[in-house]
Every structure is written in structure tokens, then in C-alpha cells.
Amino acid sequence: MANLRIASMVGARPNFMKIAPIVHEIQRTPGIEHRLVHSGQHYDQQMSESFFDELRIPKPDVNLEVGSGSHAFQTAEVMKRFEAVVLEWKPDVVIVVGDVNSTLAAALVASKLGVAVAHVEAGLRSFDMSMPEEINRKLTDAISDLLFVTEQSGIQNLRKESVAEDKIFFVGNVMIDCLVEHRKIAAKSEILGRLGLQKDGSVPLAYGLLTLHRPSNVDDPEILRDILSTIAKVSEKMPVFFPVHPRSLERIRQFGLGRYLTEEKATTPTRGIVPLAPQGYLDFLCLMDHARLILTDSGGIQEESTILGVPCLTLRENTERPVTVEQGTNQIVGRDPKKILAAAERVLSAERRPVKAPELWDGHTAERIVKVLLEKFRPELLKSSSTETSRR
Ligand code: UD1
């Protein structure tokens, strides 16, 4: 019986924690050959390589080394270079995760070559077509053969778009698999000590955590200024640490907004927005876990904060992850300074709510995904492994 051949595509930072649990599950499963392809959309040590080390993701079998560029450039280059990989290796299925340019590019290539596409994190919709990710999500879902969904809203969205019922699989959230697996290890991170927030295992001082990188928030000088000046007010009560995405750093410099950040060299800050380099997975997880408040425009952080039980204010007008608001700790506050300040005030004076994990966000999503893939493409393998298990 031929092995099942799976090629997976990753490209940008939020892809790495999603692919790690899937790669590990594939490694544990007999009868699967796997090739990991990195598009090279993110290429820095801090934006890419450190995640491979910390999450024990094997070195990519292929790196397409596409690098930065316009959306058309990135998408087209990934397509051109990935096509050769698919033609040469002939996978049975290509796994794509999330909603970045590399996701859509790989899905298009596979689909046009008649290779099945499995989209992990399908069905999420912000209904905001000015977001590049929304375009990537809708197009990827439209050409995927297996749609792995993280939350109920995803199923509803796909049904409304007339996706056939037998293509939709509600499996939970692989990003949470990664968090569950690494939370204890992250607790040993020394980042809190390094930032002067904790001495010898004492209770950490109160602090906020900020991330910001969406084009809609950072590419316009007035919008970025308003956001930073508002967060600066929040940071009068406690320091707000800000691991700065390269795109945002460039814009802050370009627009001359550095005055909203504290001195880079500050130790034991007690207030102000404190800039940090982009953090690795474990240090960032530790920072999230102990934060009093998270302010973000990221998608994944809305989900992670929900599981950690840390209040999250999302600096966007919408979310494609409504379960984090309905059941989790997330509030959509947009960019209105009054709304942001009022929400921060409320959160800081309120008791923390108990964590209510959304359905199937239980650390076992990758197992479900691999099982579905076997059922679809090599059911014989499932039968033989279950016979083996029952014999044992
Ligand atoms: C991409 C994704 C976004 C995701 C984000 C996470 C798309 C459309 N966007 O946005 O969904 O939330 O990644 O970070 O795919 N750069 C570096 N080093 C790197 C990579 C990028 O310095 O390793 C700089 C370059 O100046 C580049 C800029 O960051 O031009 C933006 O990178 P890019 O991949 O175009 O988009 P992101 O904003 O990171």
C-alpha cells in the first residue's frame, strides 16, 4: 500500500505554531510521507527561525526564499516556485494554514494541478474585504477540498457560501494545541525577570502587552498616532510592553512617532509604552500568560488570550473569530480612543472571569485533522493501525 504523501506550506509567523502540532502528529503516524515547504515570506531569525527551533519543527525540506514584496509579487513568486515542487514530488494533498499570502498561493497551485487542498482554519470571516487576509481566506476556502474549521461561526459561513457539507470538518484549533503543549515550558521563560517584572519567582508586577501590525492600523500616520497616544494614556497606570513587528517599526520611524515609546534602554519600567524586539514563541506566551491586559490587532492572540483567561482588547472594528468575544475574554474596541480607554478602565478594575474554552479547543485538533486525512486518502492505513492497536 502506497504511503500518503502530504506537502504542507508555511510562510509567515502565525503559520508556524499552527503547523507544529500537525507535523508532530504526522511524524507519529505510520504510512505518511511529509514535505514541509517554507515560502520564505518571513525570513528573519526573530520572525521565522526561532519558531522552528522552539517548536521543534523540522527544517523545511524546501525553502522558496520569496522574501518581502507587494502582495502580487509575493503571491506570484510563491506560486511559480511552489508549482515546481508539486510537479516534482506529486503529493496526494497539500495542507495550507491560516490566511497569509503564502496560504492562498499554495492553494491555487495545488488546486490547478488537480491536487487536493486541505485548509486548516477555514471559514473565518471578518466580512471586511479591505483586509488582505479576508481575500485570502475566501479564495482559499473556495478552492479547498477539505475545510478544517475552528469554531461554529466558520461552519455557518461556509454553509452560506454553499460549500458542500461533506467538505467541512469541525476539528477545533491547532494553535491551541501548540499553546497547551508549550504553556508549562513557557512558564520557565526568564523574560519577566529580564524585563524587571519579577524577582526570584515573586508575583509579577502588573503590565500590559501590545501588538500592532495590521496595515489598516499602522500604514496611516494619523491612525497610528492616535492609537499610540491612546495606549500611552493606558500606560500611565502600568507599563505596556510592545514587541514591535518590523512593519510597524518602519512606520513609527517613517512617521516620526518614536516619542510615544519609552527609551529603548529602560530597565524596570513602571509606566510608558516599552518597545521590545519581536519575541520568540515561549517568551511571548509567558508574557501573555501573566499580562493584566492585552491590546492587539492580531487574530491569533484573540484566541490565545481566551484560553489563557487574559482580558484582550482588539484594536479593530471587527473580528473573524466571534467565539473569542461570545465565550472568551475578547472585546472589539476599534480605534476610538474613548472606547479603548473606557474598556481598559473597566478591565483593570474588574475581577478576571473564569476561562471557558470554546468547543474542541482542547489540544487534540491535529490528531483529528490527520485522522480525517487518512480516512479520506488512505482508509486502509487506519484499518490496519486500529487492528494493530486492538491486537496489542
Ligand atoms: C503577514 C500576513 C499577516 C500576518 C503577519 C504576521 C499577509 C497578507 N499578511 O503580514 O496576515 O498577520 O504576516 O506577521 O500574508 N519583514 C521583516 N522580516 C521578515 C518578514 C517581514 O523585516 O522576516 C518586514 C519587511 O519589511 C516586510 C514587512 O515586514 O515588507 C511586512 O511583511 P509581510 O510578509 O509583507 O507582511 P506582514 O505585515 O508581516
# chains A, B, ... in the order shown; residues from 1 in each chain; ligands from 1
$ select_by_dssp --residues "stretch 103-281 of chain A" --states "strand (DSSP E)" --output "PDB file with C-alpha atoms, in the first residue's frame"
ATOM      1  CA  ALA A 116      -6.383  18.103  -3.095  1.00  0.00           C
ATOM      2  CA  VAL A 117      -6.144  21.142  -0.814  1.00  0.00           C
ATOM      3  CA  ALA A 118      -6.760  20.932   2.937  1.00  0.00           C
ATOM      4  CA  HIS A 119      -7.289  24.337   4.573  1.00  0.00           C
ATOM      5  CA  VAL A 120      -6.692  24.500   8.306  1.00  0.00           C
ATOM      6  CA  GLU A 121      -8.600  27.408   9.922  1.00  0.00           C
ATOM      7  CA  ALA A 122     -11.256  27.554   7.220  1.00  0.00           C
ATOM      8  CA  LEU A 146     -11.185  19.708   2.949  1.00  0.00           C
ATOM      9  CA  LEU A 147     -12.081  22.624   5.187  1.00  0.00           C
ATOM     10  CA  PHE A 148     -10.952  22.255   8.795  1.00  0.00           C
ATOM     11  CA  VAL A 149     -12.927  24.638  10.984  1.00  0.00           C
ATOM     12  CA  ILE A 168     -16.467  20.724   6.202  1.00  0.00           C
ATOM     13  CA  PHE A 169     -14.792  19.258   9.313  1.00  0.00           C
ATOM     14  CA  PHE A 170     -15.194  20.893  12.709  1.00  0.00           C
ATOM     15  CA  GLY A 208       0.020  45.376  29.641  1.00  0.00           C
ATOM     16  CA  LEU A 209       1.078  43.805  26.361  1.00  0.00           C
ATOM     17  CA  LEU A 210       0.584  45.433  22.964  1.00  0.00           C
ATOM     18  CA  THR A 211       0.941  44.098  19.414  1.00  0.00           C
ATOM     19  CA  VAL A 240       2.760  48.361  28.333  1.00  0.00           C
ATOM     20  CA  PHE A 241       5.328  46.134  26.596  1.00  0.00           C
ATOM     21  CA  PHE A 242       5.278  46.323  22.826  1.00  0.00           C
ATOM     22  CA  PRO A 243       7.167  43.697  20.793  1.00  0.00           C
ATOM     23  CA  ILE A 273       4.977  52.006  26.135  1.00  0.00           C
ATOM     24  CA  VAL A 274       8.151  49.924  26.244  1.00  0.00           C
ATOM     25  CA  PRO A 275       9.330  48.734  22.816  1.00  0.00           C
ATOM     26  CA  LEU A 276      10.812  45.247  22.524  1.00  0.00           C
TER      27      LEU A 276
END
$ select_by_dssp --residues "stretch 206-389 of chain A" --states "helix (DSSP H, G or I)" --output "PyMOL selection string"
chain A and resi 215-218+221-234+246-254+258-260+281-290+300-308+323-326+337-349+365-377+379-389
$ atom_distance --atom1 "atom CA of A:Lys356" --atom2 "atom CA of A:Met175"
16.5 Å
$ atom_distance --atom1 "atom CA of A:Met129" --atom2 "atom CA of A:Ala7"
29.0 Å
$ closest_residue --among "A:Val109, A:Ala187, A:Ala344, A:Gln156" --to "A:Met238" --atoms "only C-alpha atoms"
A:Ala344
$ residues_near_ligand --ligand "ligand 1" --cutoff "10 Å" --atoms "only C-alpha atoms and all ligand atoms" --output "mmCIF file with C-alpha atoms, in the first residue's frame"
data_model
loop_
_atom_site.group_PDB
_atom_site.id
_atom_site.type_symbol
_atom_site.label_atom_id
_atom_site.label_comp_id
_atom_site.auth_asym_id
_atom_site.auth_seq_id
_atom_site.Cartn_x
_atom_site.Cartn_y
_atom_site.Cartn_z
ATOM 1 C CA GLY A 11 5.230 31.271 5.114
ATOM 2 C CA ALA A 12 4.657 33.792 7.870
ATOM 3 C CA ARG A 13 4.970 33.880 11.645
ATOM 4 C CA PRO A 14 1.364 32.934 12.538
ATOM 5 C CA ASN A 15 1.682 29.798 10.377
ATOM 6 C CA GLY A 40 10.269 32.484 2.790
ATOM 7 C CA GLN A 41 7.591 35.221 3.196
ATOM 8 C CA HIS A 42 9.033 35.717 6.700
ATOM 9 C CA TYR A 43 12.757 35.052 6.847
ATOM 10 C CA ASP A 44 14.309 36.741 9.924
ATOM 11 C CA GLN A 45 15.654 34.760 12.858
ATOM 12 C CA GLN A 46 13.063 36.517 15.042
ATOM 13 C CA MET A 47 10.115 36.207 12.656
ATOM 14 C CA SER A 48 10.785 32.662 11.472
ATOM 15 C CA GLU A 49 13.792 30.590 12.511
ATOM 16 C CA VAL A 66 10.441 34.526 -1.752
ATOM 17 C CA GLY A 67 11.062 37.313 0.784
ATOM 18 C CA SER A 68 9.225 40.606 1.122
ATOM 19 C CA GLY A 69 7.411 42.427 -1.656
ATOM 20 C CA SER A 70 3.984 43.568 -2.768
ATOM 21 C CA HIS A 71 1.069 41.185 -2.419
ATOM 22 C CA PHE A 73 4.824 39.810 -6.113
ATOM 23 C CA GLN A 74 4.709 37.515 -3.071
ATOM 24 C CA THR A 75 1.693 35.545 -4.250
ATOM 25 C CA GLY A 98 -4.346 30.427 8.139
ATOM 26 C CA ASP A 99 -4.800 33.339 5.805
ATOM 27 C CA VAL A 100 -1.469 34.778 4.667
ATOM 28 C CA ASN A 101 -0.372 35.312 1.063
ATOM 29 C CA SER A 102 1.565 32.017 1.053
ATOM 30 C CA THR A 103 -1.639 30.183 2.056
ATOM 31 C CA LEU A 104 -3.594 31.382 -0.955
ATOM 32 C CA MET A 131 -8.247 43.185 4.882
ATOM 33 C CA PRO A 132 -5.816 41.237 2.666
ATOM 34 C CA GLU A 133 -6.387 38.210 4.917
ATOM 35 C CA GLU A 134 -10.149 38.226 4.216
ATOM 36 C CA ILE A 135 -9.457 37.974 0.487
ATOM 37 C CA ASN A 136 -7.000 35.134 1.129
ATOM 38 C CA LEU A 212 0.131 46.063 16.301
ATOM 39 C CA HIS A 213 0.863 45.290 12.671
ATOM 40 C CA ARG A 214 -2.268 45.441 10.505
ATOM 41 C CA PRO A 215 -1.836 47.746 7.504
ATOM 42 C CA VAL A 218 -0.003 51.146 11.054
ATOM 43 C CA HIS A 245 6.638 43.963 14.254
ATOM 44 C CA PRO A 246 9.176 45.037 11.571
ATOM 45 C CA ARG A 247 6.472 46.686 9.500
ATOM 46 C CA SER A 248 5.279 48.782 12.482
ATOM 47 C CA LEU A 249 8.823 49.717 13.456
ATOM 48 C CA GLU A 250 9.439 51.020 9.962
ATOM 49 C CA ARG A 251 6.226 53.082 10.052
ATOM 50 C CA PRO A 278 9.740 40.655 18.179
ATOM 51 C CA ASP A 297 -4.842 43.724 16.250
ATOM 52 C CA SER A 298 -3.702 40.120 15.756
ATOM 53 C CA GLY A 299 -6.107 37.285 15.017
ATOM 54 C CA GLY A 300 -4.279 34.512 16.850
#
$ atom_distance --atom1 "atom CA of A:Pro239" --atom2 "atom CA of A:Pro269"
6.3 Å
$ residues_around --residues "stretch 18-24 of chain A" --least-positions-apart "3" --cutoff "10 Å" --atoms "only C-alpha atoms" --output "number ranges by chain"
A: 8-10, 13-15, 27-29, 34-36, 51-52, 55-58, 95-98, 120-121, 173-179, 181, 300, 363-370
$ residues_around --residues "A:Lys338" --least-positions-apart "5" --cutoff "12 Å" --atoms "only C-alpha atoms" --output "list of chain:residue names"
A:Asp226, A:Ile227, A:Ser229, A:Thr230, A:Ile231, A:Lys233, A:Val234, A:Val333, A:Ala343, A:Ala344, A:Glu345
$ residues_around --residues "A:Glu236" --least-positions-apart "6" --cutoff "10 Å" --atoms "only C-alpha atoms" --output "list in words"
Thr270, Arg271, Gly272 and Ile273 of chain A
$ closest_residue --among "A:Leu139, A:Val323, A:Ala206, A:Leu360" --to "A:Ile294" --atoms "only C-alpha atoms"
A:Ala206
$ residues_around --residues "A:Val62" --least-positions-apart "3" --cutoff "9 Å" --atoms "only C-alpha atoms" --output "PDB file with N, CA and C atoms, in the first residue's frame"
ATOM      1  N   ARG A  35       6.394  16.506   3.303  1.00  0.00           N
ATOM      2  CA  ARG A  35       7.386  17.530   2.939  1.00  0.00           C
ATOM      3  C   ARG A  35       6.886  18.875   3.427  1.00  0.00           C
ATOM      4  N   LEU A  36       7.768  19.555   4.145  1.00  0.00           N
ATOM      5  CA  LEU A  36       7.423  20.877   4.654  1.00  0.00           C
ATOM      6  C   LEU A  36       8.061  21.924   3.747  1.00  0.00           C
ATOM      7  N   VAL A  37       7.224  22.794   3.220  1.00  0.00           N
ATOM      8  CA  VAL A  37       7.723  23.843   2.319  1.00  0.00           C
ATOM      9  C   VAL A  37       7.565  25.198   3.012  1.00  0.00           C
ATOM     10  N   HIS A  38       8.632  25.974   3.072  1.00  0.00           N
ATOM     11  CA  HIS A  38       8.598  27.326   3.630  1.00  0.00           C
ATOM     12  C   HIS A  38       8.671  28.279   2.436  1.00  0.00           C
ATOM     13  N   SER A  39       7.722  29.191   2.361  1.00  0.00           N
ATOM     14  CA  SER A  39       7.746  30.104   1.205  1.00  0.00           C
ATOM     15  C   SER A  39       8.851  31.138   1.333  1.00  0.00           C
ATOM     16  N   LYS A  59      13.508  21.236  10.003  1.00  0.00           N
ATOM     17  CA  LYS A  59      13.928  22.206   8.995  1.00  0.00           C
ATOM     18  C   LYS A  59      13.105  21.975   7.724  1.00  0.00           C
ATOM     19  N   VAL A  85       7.671  22.331  -7.121  1.00  0.00           N
ATOM     20  CA  VAL A  85       7.758  21.348  -6.029  1.00  0.00           C
ATOM     21  C   VAL A  85       6.629  20.319  -6.159  1.00  0.00           C
TER      22      VAL A  85
END
